[in-house]
Amino acid sequence: SCQMKKKPKSFIKKFVLHLFAALFCIIAVVFLVFGIKGYSMYRDAVTAYPIPQMVSSIQSREHFVEYEELPTIYIDAVISVEDKRFENHCGVDFITISRAVWNDIKAMSFVEGGSTITQQIAKNQYYTQEKKLERKFAEIFTAIELEKYCSKQEIFELYVNTIYFGDGYYGIYDAAKGYFGNEPSELSDYEAILLAGLPNAPSAYSPSTNPELAHSRMKIVLSKMVECDVITQEEAEVILTDGK
């Protein structure tokens, strides 16, 4: 009777193991197929518009803001809220990607992207916003090549000079001038951190139309900065108070 009781448990264990093995194989095949499609999409994109040409085109724009002209607190805020491992990854944050893939699988939908700053440049300059797996792979391949060509500071410049801030403002210069009448280098801590939070949802967080939402988003940015140890909780509270 003891042997009879053990058989069902053994069968269930084997069944679960086989099920996981089958799922792993399916996921591997899916990633291989879409990875090949994504690589082809990436090669077509960078052949038609080479990365050096793309970079040069952005850098030659009027009012292009260089890294040295940006307030340090703005740089820290953007990295904290958008890509906290920016300085250390190769263009792709595999920790964030793994978490995003797991959350997408659980939701059976694209609920989380896991894009780095470099990937966001690749997506915005080369691809549509369409949530397709092959596009995601193309974005990853492009980001890795971009990191080979540009320094981290150059990549950060490309990002903040092209990202949308709401109210028709593209790039940190237009956003700083449009919202506050200041050059980027003249931004207060409050203004710099508020701007750092806008690209996540520029229409929703626009301070000219939704000041309360913009302020709420700013609190999130500050909490991320505290988590990343670039400011203290006391400094965060002072910045919020100074802006009132």
# chains A, B, ... in the order shown; residues from 1 in each chain; ligands from 1
>>> residues_around(residues="Ser80 of chain A", least_positions_apart="6", cutoff="12 Å", atoms="only C-alpha atoms", output="list in words")
Ile73, Tyr74, Phe86, Glu87, Thr116, Ile117, Ile193, Ala196, Gly197, Ile220, Val221, Leu222, Ser223, Lys224, Met225, Val226, Glu227, Cys228, Asp229, Val230 and Ile231 of chain A
>>> write_last_selection(atoms="all heavy atoms", output="short mmCIF file (atom, residue, chain, number, x, y, z; two decimals), in the first residue's frame")
data_model
loop_
_atom_site.label_atom_id
_atom_site.label_comp_id
_atom_site.auth_asym_id
_atom_site.auth_seq_id
_atom_site.Cartn_x
_atom_site.Cartn_y
_atom_site.Cartn_z
N ILE A 73 22.11 67.39 -10.51
CA ILE A 73 20.93 66.81 -9.87
C ILE A 73 19.92 66.34 -10.91
O ILE A 73 19.19 65.37 -10.68
CB ILE A 73 20.27 67.81 -8.88
CG1 ILE A 73 19.34 67.05 -7.94
CG2 ILE A 73 19.55 68.94 -9.62
CD1 ILE A 73 18.97 67.80 -6.69
N TYR A 74 19.90 66.99 -12.07
CA TYR A 74 19.02 66.53 -13.16
C TYR A 74 19.51 65.19 -13.70
O TYR A 74 18.73 64.26 -13.92
CB TYR A 74 18.97 67.57 -14.27
CG TYR A 74 18.21 67.09 -15.49
CD1 TYR A 74 16.82 66.98 -15.47
CD2 TYR A 74 18.88 66.71 -16.65
CE1 TYR A 74 16.12 66.50 -16.57
CE2 TYR A 74 18.19 66.24 -17.75
CZ TYR A 74 16.81 66.15 -17.71
OH TYR A 74 16.12 65.66 -18.81
N PHE A 86 22.46 52.47 -15.43
CA PHE A 86 22.90 53.06 -16.70
C PHE A 86 24.41 53.06 -16.87
O PHE A 86 24.92 52.74 -17.94
CB PHE A 86 22.35 54.50 -16.80
CG PHE A 86 22.86 55.27 -17.98
CD1 PHE A 86 22.48 54.94 -19.28
CD2 PHE A 86 23.74 56.36 -17.81
CE1 PHE A 86 22.94 55.65 -20.37
CE2 PHE A 86 24.20 57.07 -18.90
CZ PHE A 86 23.80 56.72 -20.19
N GLU A 87 25.13 53.41 -15.82
CA GLU A 87 26.58 53.53 -15.92
C GLU A 87 27.29 52.18 -16.07
O GLU A 87 28.45 52.13 -16.47
CB GLU A 87 27.14 54.25 -14.68
CG GLU A 87 26.67 55.69 -14.52
CD GLU A 87 27.25 56.62 -15.56
OE1 GLU A 87 28.20 56.22 -16.26
OE2 GLU A 87 26.76 57.75 -15.69
N THR A 116 16.22 50.34 -21.20
CA THR A 116 17.23 51.25 -20.67
C THR A 116 17.13 52.59 -21.41
O THR A 116 16.40 52.72 -22.40
CB THR A 116 18.63 50.69 -20.86
OG1 THR A 116 18.87 50.56 -22.28
CG2 THR A 116 18.79 49.33 -20.20
N ILE A 117 17.88 53.58 -20.95
CA ILE A 117 17.96 54.85 -21.67
C ILE A 117 18.45 54.62 -23.09
O ILE A 117 17.92 55.20 -24.05
CB ILE A 117 18.89 55.83 -20.90
CG1 ILE A 117 18.17 56.37 -19.67
CG2 ILE A 117 19.37 56.96 -21.80
CD1 ILE A 117 19.03 57.22 -18.75
N ILE A 193 14.26 68.32 -11.22
CA ILE A 193 13.69 67.03 -10.85
C ILE A 193 12.28 66.87 -11.43
O ILE A 193 11.89 65.79 -11.86
CB ILE A 193 13.70 66.86 -9.32
CG1 ILE A 193 15.15 66.76 -8.84
CG2 ILE A 193 12.93 65.62 -8.89
CD1 ILE A 193 15.33 66.90 -7.36
N ALA A 196 12.71 65.83 -14.94
CA ALA A 196 13.19 64.45 -15.04
C ALA A 196 12.04 63.45 -15.03
O ALA A 196 12.16 62.36 -15.59
CB ALA A 196 14.15 64.15 -13.90
N GLY A 197 10.93 63.81 -14.41
CA GLY A 197 9.81 62.88 -14.31
C GLY A 197 8.84 62.92 -15.47
O GLY A 197 8.02 62.01 -15.63
N ILE A 220 7.75 60.71 -6.77
CA ILE A 220 8.25 59.38 -7.14
C ILE A 220 9.72 59.47 -7.54
O ILE A 220 10.55 58.64 -7.14
CB ILE A 220 7.40 58.79 -8.28
CG1 ILE A 220 5.98 58.52 -7.79
CG2 ILE A 220 8.05 57.51 -8.83
CD1 ILE A 220 5.01 58.10 -8.89
N VAL A 221 10.05 60.49 -8.34
CA VAL A 221 11.45 60.68 -8.76
C VAL A 221 12.35 60.87 -7.55
O VAL A 221 13.42 60.26 -7.44
CB VAL A 221 11.58 61.88 -9.72
CG1 VAL A 221 13.05 62.11 -10.08
CG2 VAL A 221 10.75 61.66 -10.99
N LEU A 222 11.91 61.70 -6.62
CA LEU A 222 12.71 61.94 -5.41
C LEU A 222 12.89 60.67 -4.58
O LEU A 222 13.98 60.42 -4.05
CB LEU A 222 12.05 63.03 -4.56
CG LEU A 222 12.20 64.47 -5.08
CD1 LEU A 222 11.23 65.41 -4.37
CD2 LEU A 222 13.63 64.96 -4.92
N SER A 223 11.84 59.86 -4.50
CA SER A 223 11.96 58.60 -3.73
C SER A 223 12.95 57.66 -4.40
O SER A 223 13.71 56.96 -3.71
CB SER A 223 10.59 57.93 -3.59
OG SER A 223 10.13 57.43 -4.83
N LYS A 224 12.97 57.65 -5.73
CA LYS A 224 13.95 56.83 -6.45
C LYS A 224 15.37 57.33 -6.21
O LYS A 224 16.32 56.54 -6.08
CB LYS A 224 13.65 56.84 -7.95
CG LYS A 224 12.36 56.15 -8.35
CD LYS A 224 12.46 54.65 -8.21
CE LYS A 224 11.22 53.96 -8.75
NZ LYS A 224 11.29 52.49 -8.59
N MET A 225 15.52 58.64 -6.14
CA MET A 225 16.83 59.22 -5.88
C MET A 225 17.32 58.87 -4.48
O MET A 225 18.52 58.61 -4.28
CB MET A 225 16.78 60.74 -6.07
CG MET A 225 16.49 61.18 -7.49
SD MET A 225 16.33 62.98 -7.66
CE MET A 225 18.04 63.49 -7.49
N VAL A 226 16.41 58.85 -3.54
CA VAL A 226 16.76 58.45 -2.17
C VAL A 226 17.17 56.98 -2.15
O VAL A 226 18.17 56.61 -1.53
CB VAL A 226 15.59 58.71 -1.20
CG1 VAL A 226 15.89 58.12 0.18
CG2 VAL A 226 15.31 60.21 -1.08
N GLU A 227 16.42 56.14 -2.86
CA GLU A 227 16.74 54.71 -2.95
C GLU A 227 18.13 54.50 -3.54
O GLU A 227 18.86 53.58 -3.15
CB GLU A 227 15.71 53.99 -3.82
CG GLU A 227 14.37 53.76 -3.15
CD GLU A 227 13.38 53.08 -4.10
OE1 GLU A 227 13.84 52.44 -5.07
OE2 GLU A 227 12.17 53.21 -3.88
N CYS A 228 18.49 55.33 -4.52
CA CYS A 228 19.79 55.20 -5.19
C CYS A 228 20.92 55.93 -4.46
O CYS A 228 22.05 55.97 -4.94
CB CYS A 228 19.68 55.73 -6.62
SG CYS A 228 18.63 54.73 -7.70
N ASP A 229 20.59 56.51 -3.30
CA ASP A 229 21.58 57.18 -2.45
C ASP A 229 22.26 58.38 -3.11
O ASP A 229 23.43 58.67 -2.83
CB ASP A 229 22.66 56.18 -1.99
CG ASP A 229 22.11 55.13 -1.04
OD1 ASP A 229 21.21 55.47 -0.25
OD2 ASP A 229 22.56 53.98 -1.11
N VAL A 230 21.54 59.08 -3.99
CA VAL A 230 22.13 60.29 -4.57
C VAL A 230 21.70 61.53 -3.79
O VAL A 230 22.34 62.59 -3.88
CB VAL A 230 21.79 60.44 -6.07
CG1 VAL A 230 22.46 59.35 -6.87
CG2 VAL A 230 20.28 60.42 -6.32
N ILE A 231 20.59 61.42 -3.05
CA ILE A 231 20.19 62.45 -2.09
C ILE A 231 19.65 61.76 -0.84
O ILE A 231 19.31 60.57 -0.88
CB ILE A 231 19.12 63.43 -2.65
CG1 ILE A 231 17.84 62.66 -3.04
CG2 ILE A 231 19.65 64.22 -3.81
CD1 ILE A 231 16.69 63.57 -3.41
#
>>> select_by_dssp(residues="chain A", states="alpha helix (DSSP H)", output="VMD selection string")
chain A and resid 2 to 48 51 to 59 72 to 82 94 to 107 117 to 126 133 to 149 152 to 160 172 to 180 189 to 197 202 to 205 211 to 227 233 to 242
>>> atom_distance(atom1="atom CA of Val46 of chain A", atom2="atom CA of Asn88 of chain A")
24.3 Å
>>> closest_atom_pairs(of="segment 177-200 of chain A", to="segment 206-209 of chain A", cutoff="10 Å", atoms="only C-alpha atoms", output="JSON lines")
{"residue": "A:Gly178", "atom": "CA", "partner": "A:Ser208", "partner_atom": "CA", "distance": 9.9}
{"residue": "A:Tyr179", "atom": "CA", "partner": "A:Ser208", "partner_atom": "CA", "distance": 7.5}
{"residue": "A:Leu194", "atom": "CA", "partner": "A:Pro207", "partner_atom": "CA", "distance": 8.5}
{"residue": "A:Leu195", "atom": "CA", "partner": "A:Pro207", "partner_atom": "CA", "distance": 9.1}
{"residue": "A:Gly197", "atom": "CA", "partner": "A:Ser206", "partner_atom": "CA", "distance": 9.7}
{"residue": "A:Leu198", "atom": "CA", "partner": "A:Ser206", "partner_atom": "CA", "distance": 6.7}
{"residue": "A:Pro199", "atom": "CA", "partner": "A:Ser206", "partner_atom": "CA", "distance": 9.4}
>>> closest_residue(among="A:Glu191, A:Glu145, A:Glu66, A:Glu186", to="Leu158 of chain A", atoms="only C-alpha atoms")
A:Glu66
>>> atom_distance(atom1="atom CA of Tyr149 of chain A", atom2="atom CA of Ala201 of chain A")
29.0 Å
>>> closest_atom_pairs(of="segment 114-180 of chain A", to="segment 75-78 of chain A", cutoff="12 Å", atoms="only C-alpha atoms", output="Markdown table")
| residue | atom | partner | partner_atom | distance |
| --- | --- | --- | --- | --- |
| A:Thr116 | CA | A:Val78 | CA | 11.3 |
| A:Ile117 | CA | A:Val78 | CA | 9.2 |
| A:Lys152 | CA | A:Ile75 | CA | 11.8 |
| A:Gln153 | CA | A:Ile75 | CA | 10.1 |
| A:Phe156 | CA | A:Ile75 | CA | 8.4 |
| A:Glu157 | CA | A:Ile75 | CA | 10.0 |
| A:Tyr159 | CA | A:Val78 | CA | 10.1 |
| A:Val160 | CA | A:Val78 | CA | 9.0 |
| A:Ile163 | CA | A:Val78 | CA | 11.7 |
| A:Ile172 | CA | A:Ile75 | CA | 11.4 |
>>> residues_around(residues="Thr118 of chain A", least_positions_apart="6", cutoff="10 Å", atoms="only C-alpha atoms", output="list in words")
Asp83, Phe86, His89, Cys90, Gly91, Val92, Asp93, Glu139, Ile140, Thr142, Ala143, Ile144, Glu145, Leu146, Glu147, Lys152, Ile155, Phe156, Leu158 and Tyr159 of chain A
>>> write_last_selection(atoms="C-alpha atoms", output="PDB file, in the first residue's frame")
ATOM      1  CA  ASP A  83      17.769  53.481 -15.652  1.00  0.00           C
ATOM      2  CA  PHE A  86      22.897  53.062 -16.700  1.00  0.00           C
ATOM      3  CA  HIS A  89      25.275  47.993 -18.408  1.00  0.00           C
ATOM      4  CA  CYS A  90      26.128  47.408 -22.079  1.00  0.00           C
ATOM      5  CA  GLY A  91      22.975  49.075 -23.361  1.00  0.00           C
ATOM      6  CA  VAL A  92      20.691  46.356 -22.024  1.00  0.00           C
ATOM      7  CA  ASP A  93      19.892  45.770 -18.352  1.00  0.00           C
ATOM      8  CA  GLU A 139      15.850  47.623 -30.124  1.00  0.00           C
ATOM      9  CA  ILE A 140      18.232  45.506 -28.018  1.00  0.00           C
ATOM     10  CA  THR A 142      20.609  48.584 -31.798  1.00  0.00           C
ATOM     11  CA  ALA A 143      21.225  49.639 -28.190  1.00  0.00           C
ATOM     12  CA  ILE A 144      24.260  47.355 -27.918  1.00  0.00           C
ATOM     13  CA  GLU A 145      25.741  48.825 -31.112  1.00  0.00           C
ATOM     14  CA  LEU A 146      25.015  52.365 -29.923  1.00  0.00           C
ATOM     15  CA  GLU A 147      26.913  51.685 -26.682  1.00  0.00           C
ATOM     16  CA  LYS A 152      27.781  57.077 -21.654  1.00  0.00           C
ATOM     17  CA  ILE A 155      24.222  58.582 -24.924  1.00  0.00           C
ATOM     18  CA  PHE A 156      22.740  60.622 -22.092  1.00  0.00           C
ATOM     19  CA  LEU A 158      21.183  62.011 -27.130  1.00  0.00           C
ATOM     20  CA  TYR A 159      18.408  60.961 -24.778  1.00  0.00           C
TER      21      TYR A 159
END
